[in-house]
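For reference, entry-v4.pdb is printed below; it contains PDB, C-alpha atoms and all ligand atoms.
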```
MODEL        1
ATOM      1  CA  MET A  20     -17.474  -9.664  46.608  1.00  0.00           C
ATOM      2  CA  LYS A  21     -20.257  -9.767  44.059  1.00  0.00           C
ATOM      3  CA  SER A  22     -19.570  -6.210  42.933  1.00  0.00           C
ATOM      4  CA  LEU A  23     -15.863  -7.074  42.536  1.00  0.00           C
ATOM      5  CA  LYS A  24     -16.797  -9.928  40.222  1.00  0.00           C
ATOM      6  CA  LEU A  25     -19.041  -7.597  38.289  1.00  0.00           C
ATOM      7  CA  ALA A  26     -16.222  -5.044  38.008  1.00  0.00           C
ATOM      8  CA  TRP A  27     -13.934  -7.740  36.597  1.00  0.00           C
ATOM      9  CA  ALA A  28     -16.581  -8.839  34.146  1.00  0.00           C
ATOM     10  CA  ILE A  29     -17.034  -5.252  32.969  1.00  0.00           C
ATOM     11  CA  ASN A  30     -13.262  -4.867  32.659  1.00  0.00           C
ATOM     12  CA  ALA A  31     -13.021  -8.029  30.594  1.00  0.00           C
ATOM     13  CA  LEU A  32     -15.819  -6.817  28.332  1.00  0.00           C
ATOM     14  CA  LEU A  33     -14.168  -3.429  27.883  1.00  0.00           C
ATOM     15  CA  LEU A  34     -10.847  -5.080  27.094  1.00  0.00           C
ATOM     16  CA  ALA A  35     -12.529  -7.307  24.515  1.00  0.00           C
ATOM     17  CA  ALA A  36     -14.142  -4.213  22.958  1.00  0.00           C
ATOM     18  CA  VAL A  37     -10.812  -2.390  22.806  1.00  0.00           C
ATOM     19  CA  ILE A  38      -9.092  -5.405  21.229  1.00  0.00           C
ATOM     20  CA  THR A  39     -11.905  -5.775  18.686  1.00  0.00           C
ATOM     21  CA  MET A  40     -11.706  -2.087  17.785  1.00  0.00           C
ATOM     22  CA  ALA A  41      -7.912  -2.196  17.522  1.00  0.00           C
ATOM     23  CA  TYR A  42      -8.232  -5.243  15.261  1.00  0.00           C
ATOM     24  CA  MET A  43     -10.800  -3.490  13.063  1.00  0.00           C
ATOM     25  CA  PHE A  44      -8.920  -0.207  12.777  1.00  0.00           C
ATOM     26  CA  ILE A  45      -5.308  -1.323  12.716  1.00  0.00           C
ATOM     27  CA  ILE A  46      -5.269  -4.775  11.179  1.00  0.00           C
ATOM     28  CA  GLN A  47      -8.429  -5.392   9.197  1.00  0.00           C
ATOM     29  CA  GLY A  48      -9.327  -1.924   7.926  1.00  0.00           C
ATOM     30  CA  SER A  49     -12.652  -1.213   6.230  1.00  0.00           C
ATOM     31  CA  VAL A  50     -13.089  -4.205   3.934  1.00  0.00           C
ATOM     32  CA  GLU A  51     -15.521  -6.722   2.473  1.00  0.00           C
ATOM     33  CA  LYS A  52     -15.166  -9.818   0.288  1.00  0.00           C
ATOM     34  CA  SER A  53     -15.613  -9.111  -3.380  1.00  0.00           C
ATOM     35  CA  ASP A  54     -17.264 -11.350  -6.017  1.00  0.00           C
ATOM     36  CA  ASP A  55     -13.996 -11.609  -7.973  1.00  0.00           C
ATOM     37  CA  GLY A  56     -12.240 -13.152  -4.962  1.00  0.00           C
ATOM     38  CA  ARG A  57     -10.302 -10.028  -4.025  1.00  0.00           C
ATOM     39  CA  THR A  58     -10.724  -8.024  -0.849  1.00  0.00           C
ATOM     40  CA  ALA A  59     -12.576  -4.786  -1.507  1.00  0.00           C
ATOM     41  CA  ILE A  60     -11.450  -1.790   0.551  1.00  0.00           C
ATOM     42  CA  LEU A  61     -14.385   0.539   1.174  1.00  0.00           C
ATOM     43  CA  LEU A  62     -13.460   4.198   0.734  1.00  0.00           C
ATOM     44  CA  SER A  63     -15.153   7.525   0.087  1.00  0.00           C
ATOM     45  CA  ALA A  64     -14.950   8.747  -3.515  1.00  0.00           C
ATOM     46  CA  GLY A  65     -12.285  11.288  -2.525  1.00  0.00           C
ATOM     47  CA  GLU A  66     -10.172   8.697  -0.726  1.00  0.00           C
ATOM     48  CA  ARG A  67     -10.373   6.349  -3.708  1.00  0.00           C
ATOM     49  CA  ASP A  68      -9.229   9.197  -5.986  1.00  0.00           C
ATOM     50  CA  PHE A  69      -6.321   9.845  -3.599  1.00  0.00           C
ATOM     51  CA  VAL A  70      -5.130   6.218  -3.784  1.00  0.00           C
ATOM     52  CA  LEU A  71      -5.596   6.015  -7.569  1.00  0.00           C
ATOM     53  CA  THR A  72      -3.662   9.261  -8.084  1.00  0.00           C
ATOM     54  CA  GLU A  73      -0.761   7.739  -6.155  1.00  0.00           C
ATOM     55  CA  MET A  74      -1.064   4.619  -8.321  1.00  0.00           C
ATOM     56  CA  ARG A  75      -0.848   6.594 -11.554  1.00  0.00           C
ATOM     57  CA  GLY A  76       2.243   8.270 -10.097  1.00  0.00           C
ATOM     58  CA  PHE A  77       3.757   4.799  -9.585  1.00  0.00           C
ATOM     59  CA  LEU A  78       3.070   3.863 -13.197  1.00  0.00           C
ATOM     60  CA  GLU A  79       4.566   7.134 -14.465  1.00  0.00           C
ATOM     61  CA  THR A  80       7.704   6.408 -12.435  1.00  0.00           C
ATOM     62  CA  VAL A  81       7.924   2.878 -13.837  1.00  0.00           C
ATOM     63  CA  GLN A  82       7.498   4.284 -17.365  1.00  0.00           C
ATOM     64  CA  SER A  83      10.312   6.834 -16.899  1.00  0.00           C
ATOM     65  CA  ILE A  84      12.619   4.268 -15.306  1.00  0.00           C
ATOM     66  CA  ASN A  85      12.017   1.747 -18.072  1.00  0.00           C
ATOM     67  CA  GLN A  86      12.678   4.313 -20.768  1.00  0.00           C
ATOM     68  CA  ALA A  87      15.869   5.468 -19.044  1.00  0.00           C
ATOM     69  CA  LEU A  88      17.051   1.868 -18.683  1.00  0.00           C
ATOM     70  CA  GLY A  89      16.602   1.406 -22.429  1.00  0.00           C
ATOM     71  CA  ASN A  90      18.918   4.386 -22.942  1.00  0.00           C
ATOM     72  CA  ASP A  91      21.460   3.154 -20.352  1.00  0.00           C
ATOM     73  CA  ASP A  92      20.761   6.408 -18.518  1.00  0.00           C
ATOM     74  CA  LEU A  93      21.217   5.348 -14.884  1.00  0.00           C
ATOM     75  CA  LYS A  94      21.345   8.953 -13.688  1.00  0.00           C
ATOM     76  CA  THR A  95      17.701   9.427 -14.700  1.00  0.00           C
ATOM     77  CA  VAL A  96      16.838   6.037 -13.148  1.00  0.00           C
ATOM     78  CA  ILE A  97      18.218   7.281  -9.812  1.00  0.00           C
ATOM     79  CA  GLU A  98      16.230  10.542 -10.038  1.00  0.00           C
ATOM     80  CA  GLU A  99      12.962   8.866 -11.035  1.00  0.00           C
ATOM     81  CA  ALA A 100      13.190   5.995  -8.522  1.00  0.00           C
ATOM     82  CA  THR A 101      13.936   8.447  -5.707  1.00  0.00           C
ATOM     83  CA  LYS A 102      10.755  10.375  -6.593  1.00  0.00           C
ATOM     84  CA  SER A 103       8.659   7.322  -5.632  1.00  0.00           C
ATOM     85  CA  GLY A 104      10.889   6.447  -2.659  1.00  0.00           C
ATOM     86  CA  LYS A 105      10.122   6.770   1.023  1.00  0.00           C
ATOM     87  CA  ALA A 106      10.495  10.550   0.855  1.00  0.00           C
ATOM     88  CA  SER A 107       7.228  10.646  -1.107  1.00  0.00           C
ATOM     89  CA  LEU A 108       5.411   8.863   1.724  1.00  0.00           C
ATOM     90  CA  GLY A 109       3.218  10.830   4.062  1.00  0.00           C
ATOM     91  CA  GLY A 110       0.305  13.090   3.407  1.00  0.00           C
ATOM     92  CA  VAL A 111      -2.082  10.142   3.706  1.00  0.00           C
ATOM     93  CA  PRO A 112      -5.068  11.449   5.694  1.00  0.00           C
ATOM     94  CA  ALA A 113      -5.590   9.642   9.030  1.00  0.00           C
ATOM     95  CA  PRO A 114      -9.198   8.522   8.250  1.00  0.00           C
ATOM     96  CA  LEU A 115      -7.954   6.875   5.037  1.00  0.00           C
ATOM     97  CA  MET A 116      -5.095   5.208   6.932  1.00  0.00           C
ATOM     98  CA  ALA A 117      -7.625   3.689   9.353  1.00  0.00           C
ATOM     99  CA  LYS A 118      -9.571   2.112   6.480  1.00  0.00           C
ATOM    100  CA  LEU A 119      -6.569   0.436   4.871  1.00  0.00           C
ATOM    101  CA  PRO A 120      -5.753  -3.114   6.036  1.00  0.00           C
ATOM    102  CA  LEU A 121      -2.364  -3.508   7.743  1.00  0.00           C
ATOM    103  CA  GLU A 122      -1.049  -5.830   5.016  1.00  0.00           C
ATOM    104  CA  PHE A 123      -2.006  -3.269   2.339  1.00  0.00           C
ATOM    105  CA  LYS A 124      -0.163  -0.484   4.197  1.00  0.00           C
ATOM    106  CA  GLN A 125       2.906  -2.680   4.677  1.00  0.00           C
ATOM    107  CA  LEU A 126       2.979  -3.587   0.990  1.00  0.00           C
ATOM    108  CA  GLY A 127       2.560   0.078   0.056  1.00  0.00           C
ATOM    109  CA  ILE A 128       5.412   1.209   2.319  1.00  0.00           C
ATOM    110  CA  ASP A 129       7.590  -1.663   1.110  1.00  0.00           C
ATOM    111  CA  THR A 130       7.020  -0.565  -2.504  1.00  0.00           C
ATOM    112  CA  HIS A 131       8.268   2.964  -1.712  1.00  0.00           C
ATOM    113  CA  THR A 132      11.276   1.412   0.076  1.00  0.00           C
ATOM    114  CA  GLU A 133      11.985  -0.779  -2.947  1.00  0.00           C
ATOM    115  CA  PHE A 134      12.160   2.319  -5.183  1.00  0.00           C
ATOM    116  CA  ASP A 135      14.850   3.723  -2.848  1.00  0.00           C
ATOM    117  CA  LYS A 136      16.729   0.425  -3.067  1.00  0.00           C
ATOM    118  CA  LEU A 137      16.438   0.550  -6.855  1.00  0.00           C
ATOM    119  CA  ALA A 138      17.956   4.058  -6.817  1.00  0.00           C
ATOM    120  CA  ASP A 139      20.799   2.781  -4.604  1.00  0.00           C
ATOM    121  CA  LEU A 140      21.431  -0.121  -6.955  1.00  0.00           C
ATOM    122  CA  ALA A 141      21.480   2.234  -9.957  1.00  0.00           C
ATOM    123  CA  LYS A 142      24.244   4.227  -8.204  1.00  0.00           C
ATOM    124  CA  THR A 143      26.565   1.212  -8.131  1.00  0.00           C
ATOM    125  CA  ALA A 144      25.226  -1.051 -10.899  1.00  0.00           C
ATOM    126  CA  LYS A 145      27.576  -2.158 -13.648  1.00  0.00           C
ATOM    127  CA  SER A 146      24.798  -2.509 -16.202  1.00  0.00           C
ATOM    128  CA  SER A 147      21.208  -1.471 -16.894  1.00  0.00           C
ATOM    129  CA  LYS A 148      20.364  -5.162 -17.088  1.00  0.00           C
ATOM    130  CA  GLN A 149      21.026  -5.565 -13.367  1.00  0.00           C
ATOM    131  CA  VAL A 150      18.631  -2.687 -12.581  1.00  0.00           C
ATOM    132  CA  THR A 151      16.020  -4.024 -15.026  1.00  0.00           C
ATOM    133  CA  ALA A 152      16.007  -7.348 -13.179  1.00  0.00           C
ATOM    134  CA  ARG A 153      15.485  -5.534  -9.879  1.00  0.00           C
ATOM    135  CA  LEU A 154      12.631  -3.497 -11.376  1.00  0.00           C
ATOM    136  CA  GLY A 155      11.039  -6.789 -12.423  1.00  0.00           C
ATOM    137  CA  GLN A 156      11.183  -7.903  -8.784  1.00  0.00           C
ATOM    138  CA  LEU A 157       9.725  -4.609  -7.594  1.00  0.00           C
ATOM    139  CA  LEU A 158       6.786  -4.953 -10.013  1.00  0.00           C
ATOM    140  CA  LEU A 159       5.774  -8.123  -8.161  1.00  0.00           C
ATOM    141  CA  ASN A 160       4.632  -5.820  -5.344  1.00  0.00           C
ATOM    142  CA  CYS A 161       2.295  -4.087  -7.801  1.00  0.00           C
ATOM    143  CA  THR A 162       0.879  -7.264  -9.337  1.00  0.00           C
ATOM    144  CA  GLY A 163       0.631  -8.975  -5.945  1.00  0.00           C
ATOM    145  CA  CYS A 164      -1.385  -6.182  -4.396  1.00  0.00           C
ATOM    146  CA  HIS A 165      -3.625  -5.778  -7.460  1.00  0.00           C
ATOM    147  CA  ALA A 166      -4.392  -9.515  -7.355  1.00  0.00           C
ATOM    148  CA  SER A 167      -5.487  -9.244  -3.713  1.00  0.00           C
ATOM    149  CA  TYR A 168      -7.229  -5.890  -3.366  1.00  0.00           C
ATOM    150  CA  LYS A 169      -9.647  -3.598  -5.131  1.00  0.00           C
ATOM    151  CA  LEU A 170     -11.229  -0.294  -4.131  1.00  0.00           C
ATOM    152  CA  LYS A 171     -14.938   0.196  -3.737  1.00  0.00           C
ATOM    153  CA  ILE A 172     -16.920   3.281  -2.860  1.00  0.00           C
ATOM    154  CA  GLU A 173     -18.656   2.960   0.498  1.00  0.00           C
ATOM    155  CA  GLY A 174     -22.325   2.082   0.132  1.00  0.00           C
ATOM    156  CA  GLY A 175     -22.061   2.328  -3.647  1.00  0.00           C
ATOM    157  CA  ALA A 176     -21.664   0.122  -6.696  1.00  0.00           C
ATOM    158  CA  ASP A 177     -18.385  -1.611  -7.543  1.00  0.00           C
ATOM    159  CA  LYS A 178     -16.787   1.270  -9.393  1.00  0.00           C
TER     160      LYS A 178
HETATM  161  C1  LIG B   1      -0.569  -1.951  -1.513  1.00  0.00           C
HETATM  162  C2  LIG B   1      -1.289  -2.293  -2.691  1.00  0.00           C
HETATM  163  C3  LIG B   1      -0.848  -1.780  -4.025  1.00  0.00           C
HETATM  164  C4  LIG B   1       0.424  -1.665  -4.502  1.00  0.00           C
HETATM  165  C5  LIG B   1       1.736  -2.049  -3.823  1.00  0.00           C
HETATM  166  C6  LIG B   1       0.306  -1.124  -5.831  1.00  0.00           C
HETATM  167  N1  LIG B   1      -1.006  -0.918  -6.139  1.00  0.00           N
HETATM  168 FE1  LIG B   1      -1.694  -0.087  -7.855  1.00  0.00          FE
HETATM  169  N2  LIG B   1      -3.616  -0.265  -7.196  1.00  0.00           N
HETATM  170  C7  LIG B   1      -3.984  -0.854  -6.009  1.00  0.00           C
HETATM  171  C8  LIG B   1      -5.428  -0.934  -5.937  1.00  0.00           C
HETATM  172  C9  LIG B   1      -6.235  -1.548  -4.794  1.00  0.00           C
HETATM  173  C10 LIG B   1      -5.924  -0.373  -7.129  1.00  0.00           C
HETATM  174  C11 LIG B   1      -7.389  -0.273  -7.557  1.00  0.00           C
HETATM  175  C12 LIG B   1      -7.738  -1.574  -8.260  1.00  0.00           C
HETATM  176  C13 LIG B   1      -9.219  -1.787  -8.413  1.00  0.00           C
HETATM  177  O1  LIG B   1     -10.039  -1.134  -7.745  1.00  0.00           O
HETATM  178  O2  LIG B   1      -9.582  -2.692  -9.210  1.00  0.00           O
HETATM  179  C14 LIG B   1      -4.758   0.049  -7.892  1.00  0.00           C
HETATM  180  C15 LIG B   1      -4.818   0.677  -9.126  1.00  0.00           C
HETATM  181  C16 LIG B   1      -3.716   1.012  -9.887  1.00  0.00           C
HETATM  182  C17 LIG B   1      -3.782   1.689 -11.159  1.00  0.00           C
HETATM  183  C18 LIG B   1      -5.041   2.237 -11.828  1.00  0.00           C
HETATM  184  C19 LIG B   1      -5.137   3.732 -11.537  1.00  0.00           C
HETATM  185  C20 LIG B   1      -6.454   4.377 -11.977  1.00  0.00           C
HETATM  186  O3  LIG B   1      -6.478   5.600 -12.083  1.00  0.00           O
HETATM  187  O4  LIG B   1      -7.436   3.666 -12.188  1.00  0.00           O
HETATM  188  C21 LIG B   1      -2.500   1.782 -11.627  1.00  0.00           C
HETATM  189  C22 LIG B   1      -2.037   2.410 -12.916  1.00  0.00           C
HETATM  190  C23 LIG B   1      -1.638   1.155 -10.624  1.00  0.00           C
HETATM  191  N3  LIG B   1      -2.409   0.711  -9.572  1.00  0.00           N
HETATM  192  C24 LIG B   1      -0.270   1.047 -10.748  1.00  0.00           C
HETATM  193  C25 LIG B   1       0.563   0.494  -9.792  1.00  0.00           C
HETATM  194  C26 LIG B   1       1.995   0.298  -9.952  1.00  0.00           C
HETATM  195  C27 LIG B   1       2.790   0.614 -11.205  1.00  0.00           C
HETATM  196  C28 LIG B   1       2.448  -0.242  -8.801  1.00  0.00           C
HETATM  197  C29 LIG B   1       3.829  -0.659  -8.414  1.00  0.00           C
HETATM  198  C30 LIG B   1       4.934   0.223  -8.630  1.00  0.00           C
HETATM  199  C31 LIG B   1       1.300  -0.376  -7.918  1.00  0.00           C
HETATM  200  N4  LIG B   1       0.185   0.071  -8.560  1.00  0.00           N
HETATM  201  C32 LIG B   1       1.382  -0.872  -6.643  1.00  0.00           C
HETATM  202  C33 LIG B   1      -3.135  -1.293  -5.015  1.00  0.00           C
HETATM  203  C34 LIG B   1      -1.749  -1.322  -5.089  1.00  0.00           C
ENDMDL
END
```

Represent the structure contained in this file as structure tokens.
Amino acid sequence: MKSLKLAWAINALLLAAVITMAYMFIIQGSVEKSDDGRTAILLSAGERDFVLTEMRGFLETVQSINQALGNDDLKTVIEEATKSGKASLGGVPAPLMAKLPLEFKQLGIDTHTEFDKLADLAKTAKSSKQVTARLGQLLLNCTGCHASYKLKIEGGADK
């Protein structure tokens, strides 16, 4: 009887450990509070470079789309938006994935999805103005995430 109780206790402890680990790896990621009020995601230098390279790609896409909108060139808008769409997802190394908080990943995936939706809109839109308004909405994903998160090198200084 006693050993059965002990077995249950051990099971409960193991379950708690599994739940804690799942929470840390899937939901929370590798994070700490930052002095500026944002959540700092702790990455290796290479992982930080990986994320920032993707970010500069986002900005290049936004630049091309904005320029094309100014020229009423919706064909280029479709091409450029598709480049940052869901098809460009993937290639994120698993260890990096594990360090990113769930909300950050969701916002990242949603941003790629929004570029696809922008391309779809550009296919049917009657004016560039309509697409410009949608791009303005999409950019809220960028500003929202930047307001909440920063990247920090593990065990190092802020930048
Ligand atoms: C899921 C979160 C997230 C989304 C969405 C996001 N970013 Fe970022 N971005 C970041 C983080 C975190 C940094 C690093 C900020 C820091 O450390 O202070 C960053 C940095 C950048 C940088 C700086 C790159 C460098 O080399 O230093 C640019 C440019 C950028 N983002 C553009 C964009 C644009 C444009 C969009 C939207 C189309 C976007 N980002 C969407 C999280 C995000």

Counting all atoms listed in the file, the residue of A:Leu108, A:Val70, A:Leu93, A:Leu157 that sits nearest Leu170 (chain A):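 The shortest atom-to-atom distance to Leu170 (chain A) comes from A:Val70.
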
Return as AutoDock Vina command-line options the box centre and box size in Å, one decimal, for an axis-aligned box around all listed atoms of ligand LIG 1 (chain B) padded by 5 Å per side.
```
--center_x -2.6 --center_y 1.5 --center_z -7.2 --size_x 25.0 --size_y 18.3 --size_z 21.4
```

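When only C-alpha atoms and all ligand atoms are used to compute distances to ligand LIG 1 (chain B), the closest of the residues A:Leu88, A:Ala31, A:Leu78, A:Ala64 turns out to be A:Leu78.
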
Can you pull out every residue with an atom within 10 Å of ligand LIG 1 (chain B)? Use all atoms listed in the file and format it as a ChimeraX atom specification. /A:57-60,67-82,103,119-131,133-134,154,157-172,177-178

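Within the file as shown, the PyMOL selection byres (((chain A and resi 142) around 8) and not hetatm) identifies Leu93, Lys94, Ile97, Ala138, Asp139, Leu140, Ala141, Thr143 and Ala144 of chain A.
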
Could you jot down the CA of Ser63 (chain A) to CA of Ala36 (chain A) separation for me, Å, one decimal place? 25.7 Å

Which of A:Ala28, A:Leu62, A:Leu34, A:Gly175 sits closest to Lys118 (chain A) [using all atoms listed in the file]: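 When distances to Lys118 (chain A) are compared using all atoms listed in the file, the smallest one comes from A:Leu62.
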
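When only C-alpha atoms are used to compute distances to Ala152 (chain A), the closest of the residues A:Lys21, A:Phe44, A:Asn85, A:Glu98 turns out to be A:Asn85.
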
Distance of CA of Leu61 (chain A) from CA of Ser49 (chain A), expressed in Å to one decimal place: 5.6 Å

Could you tell me how far CA of Gly174 (chain A) sits from CA of Lys52 (chain A), in Å to one decimal place? 13.9 Å

Complete region 113-139 of chain A at the level of N, CA, C and O atoms, written as a CSV table (one decimal), in the frame of the given file.
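selection-v2.csv, freshly written:
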```
chain,number,residue,atom,x,y,z
A,113,ALA,N,-5.4,10.7,8.0
A,113,ALA,CA,-5.6,9.6,9.0
A,113,ALA,C,-6.9,8.8,8.8
A,113,ALA,O,-6.8,7.6,9.0
A,114,PRO,N,-8.0,9.4,8.4
A,114,PRO,CA,-9.2,8.5,8.2
A,114,PRO,C,-9.0,7.5,7.2
A,114,PRO,O,-9.5,6.4,7.3
A,115,LEU,N,-8.2,7.8,6.1
A,115,LEU,CA,-8.0,6.9,5.0
A,115,LEU,C,-7.0,5.8,5.6
A,115,LEU,O,-7.3,4.6,5.3
A,116,MET,N,-6.0,6.2,6.3
A,116,MET,CA,-5.1,5.2,6.9
A,116,MET,C,-5.9,4.1,7.7
A,116,MET,O,-5.6,3.0,7.6
A,117,ALA,N,-6.9,4.6,8.5
A,117,ALA,CA,-7.6,3.7,9.4
A,117,ALA,C,-8.4,2.7,8.5
A,117,ALA,O,-8.7,1.6,9.0
A,118,LYS,N,-8.8,3.0,7.3
A,118,LYS,CA,-9.6,2.1,6.5
A,118,LYS,C,-8.7,1.1,5.7
A,118,LYS,O,-9.3,0.1,5.2
A,119,LEU,N,-7.4,1.3,5.6
A,119,LEU,CA,-6.6,0.4,4.9
A,119,LEU,C,-6.1,-0.7,5.7
A,119,LEU,O,-5.6,-0.5,6.9
A,120,PRO,N,-6.2,-2.0,5.2
A,120,PRO,CA,-5.8,-3.1,6.0
A,120,PRO,C,-4.2,-3.0,6.3
A,120,PRO,O,-3.5,-2.4,5.4
A,121,LEU,N,-3.8,-3.6,7.4
A,121,LEU,CA,-2.4,-3.5,7.7
A,121,LEU,C,-1.5,-4.1,6.6
A,121,LEU,O,-0.5,-3.4,6.2
A,122,GLU,N,-1.9,-5.2,6.1
A,122,GLU,CA,-1.0,-5.8,5.0
A,122,GLU,C,-0.9,-4.9,3.8
A,122,GLU,O,0.1,-4.8,3.2
A,123,PHE,N,-2.0,-4.2,3.5
A,123,PHE,CA,-2.0,-3.3,2.3
A,123,PHE,C,-1.0,-2.1,2.6
A,123,PHE,O,-0.2,-1.7,1.8
A,124,LYS,N,-1.1,-1.6,3.8
A,124,LYS,CA,-0.2,-0.5,4.2
A,124,LYS,C,1.3,-1.0,4.1
A,124,LYS,O,2.2,-0.3,3.6
A,125,GLN,N,1.5,-2.2,4.7
A,125,GLN,CA,2.9,-2.7,4.7
A,125,GLN,C,3.4,-2.9,3.3
A,125,GLN,O,4.6,-2.5,2.9
A,126,LEU,N,2.6,-3.4,2.4
A,126,LEU,CA,3.0,-3.6,1.0
A,126,LEU,C,3.2,-2.2,0.3
A,126,LEU,O,4.1,-2.1,-0.5
A,127,GLY,N,2.4,-1.3,0.6
A,127,GLY,CA,2.6,0.1,0.1
A,127,GLY,C,3.9,0.7,0.5
A,127,GLY,O,4.6,1.2,-0.3
A,128,ILE,N,4.2,0.6,1.8
A,128,ILE,CA,5.4,1.2,2.3
A,128,ILE,C,6.6,0.5,1.7
A,128,ILE,O,7.6,1.1,1.3
A,129,ASP,N,6.5,-0.9,1.7
A,129,ASP,CA,7.6,-1.7,1.1
A,129,ASP,C,7.9,-1.3,-0.4
A,129,ASP,O,9.0,-1.2,-0.8
A,130,THR,N,6.8,-0.9,-1.1
A,130,THR,CA,7.0,-0.6,-2.5
A,130,THR,C,7.8,0.7,-2.6
A,130,THR,O,8.7,0.9,-3.4
A,131,HIS,N,7.5,1.7,-1.7
A,131,HIS,CA,8.3,3.0,-1.7
A,131,HIS,C,9.7,2.7,-1.3
A,131,HIS,O,10.7,3.2,-1.9
A,132,THR,N,9.9,1.8,-0.3
A,132,THR,CA,11.3,1.4,0.1
A,132,THR,C,12.0,0.8,-1.1
A,132,THR,O,13.2,1.0,-1.3
A,133,GLU,N,11.3,-0.1,-1.8
A,133,GLU,CA,12.0,-0.8,-2.9
A,133,GLU,C,12.4,0.2,-4.0
A,133,GLU,O,13.5,0.0,-4.7
A,134,PHE,N,11.7,1.3,-4.2
A,134,PHE,CA,12.2,2.3,-5.2
A,134,PHE,C,13.5,3.0,-4.7
A,134,PHE,O,14.4,3.2,-5.5
A,135,ASP,N,13.6,3.2,-3.4
A,135,ASP,CA,14.8,3.7,-2.8
A,135,ASP,C,16.0,2.7,-3.1
A,135,ASP,O,17.1,3.1,-3.4
A,136,LYS,N,15.7,1.4,-2.9
A,136,LYS,CA,16.7,0.4,-3.1
A,136,LYS,C,17.1,0.4,-4.5
A,136,LYS,O,18.3,0.1,-4.9
A,137,LEU,N,16.1,0.6,-5.4
A,137,LEU,CA,16.4,0.6,-6.9
A,137,LEU,C,17.4,1.7,-7.2
A,137,LEU,O,18.3,1.6,-8.0
A,138,ALA,N,17.1,2.9,-6.6
A,138,ALA,CA,18.0,4.1,-6.8
A,138,ALA,C,19.4,3.8,-6.3
A,138,ALA,O,20.4,4.1,-7.0
A,139,ASP,N,19.5,3.1,-5.1
A,139,ASP,CA,20.8,2.8,-4.6
A,139,ASP,C,21.5,1.8,-5.5
A,139,ASP,O,22.7,2.0,-5.8
```
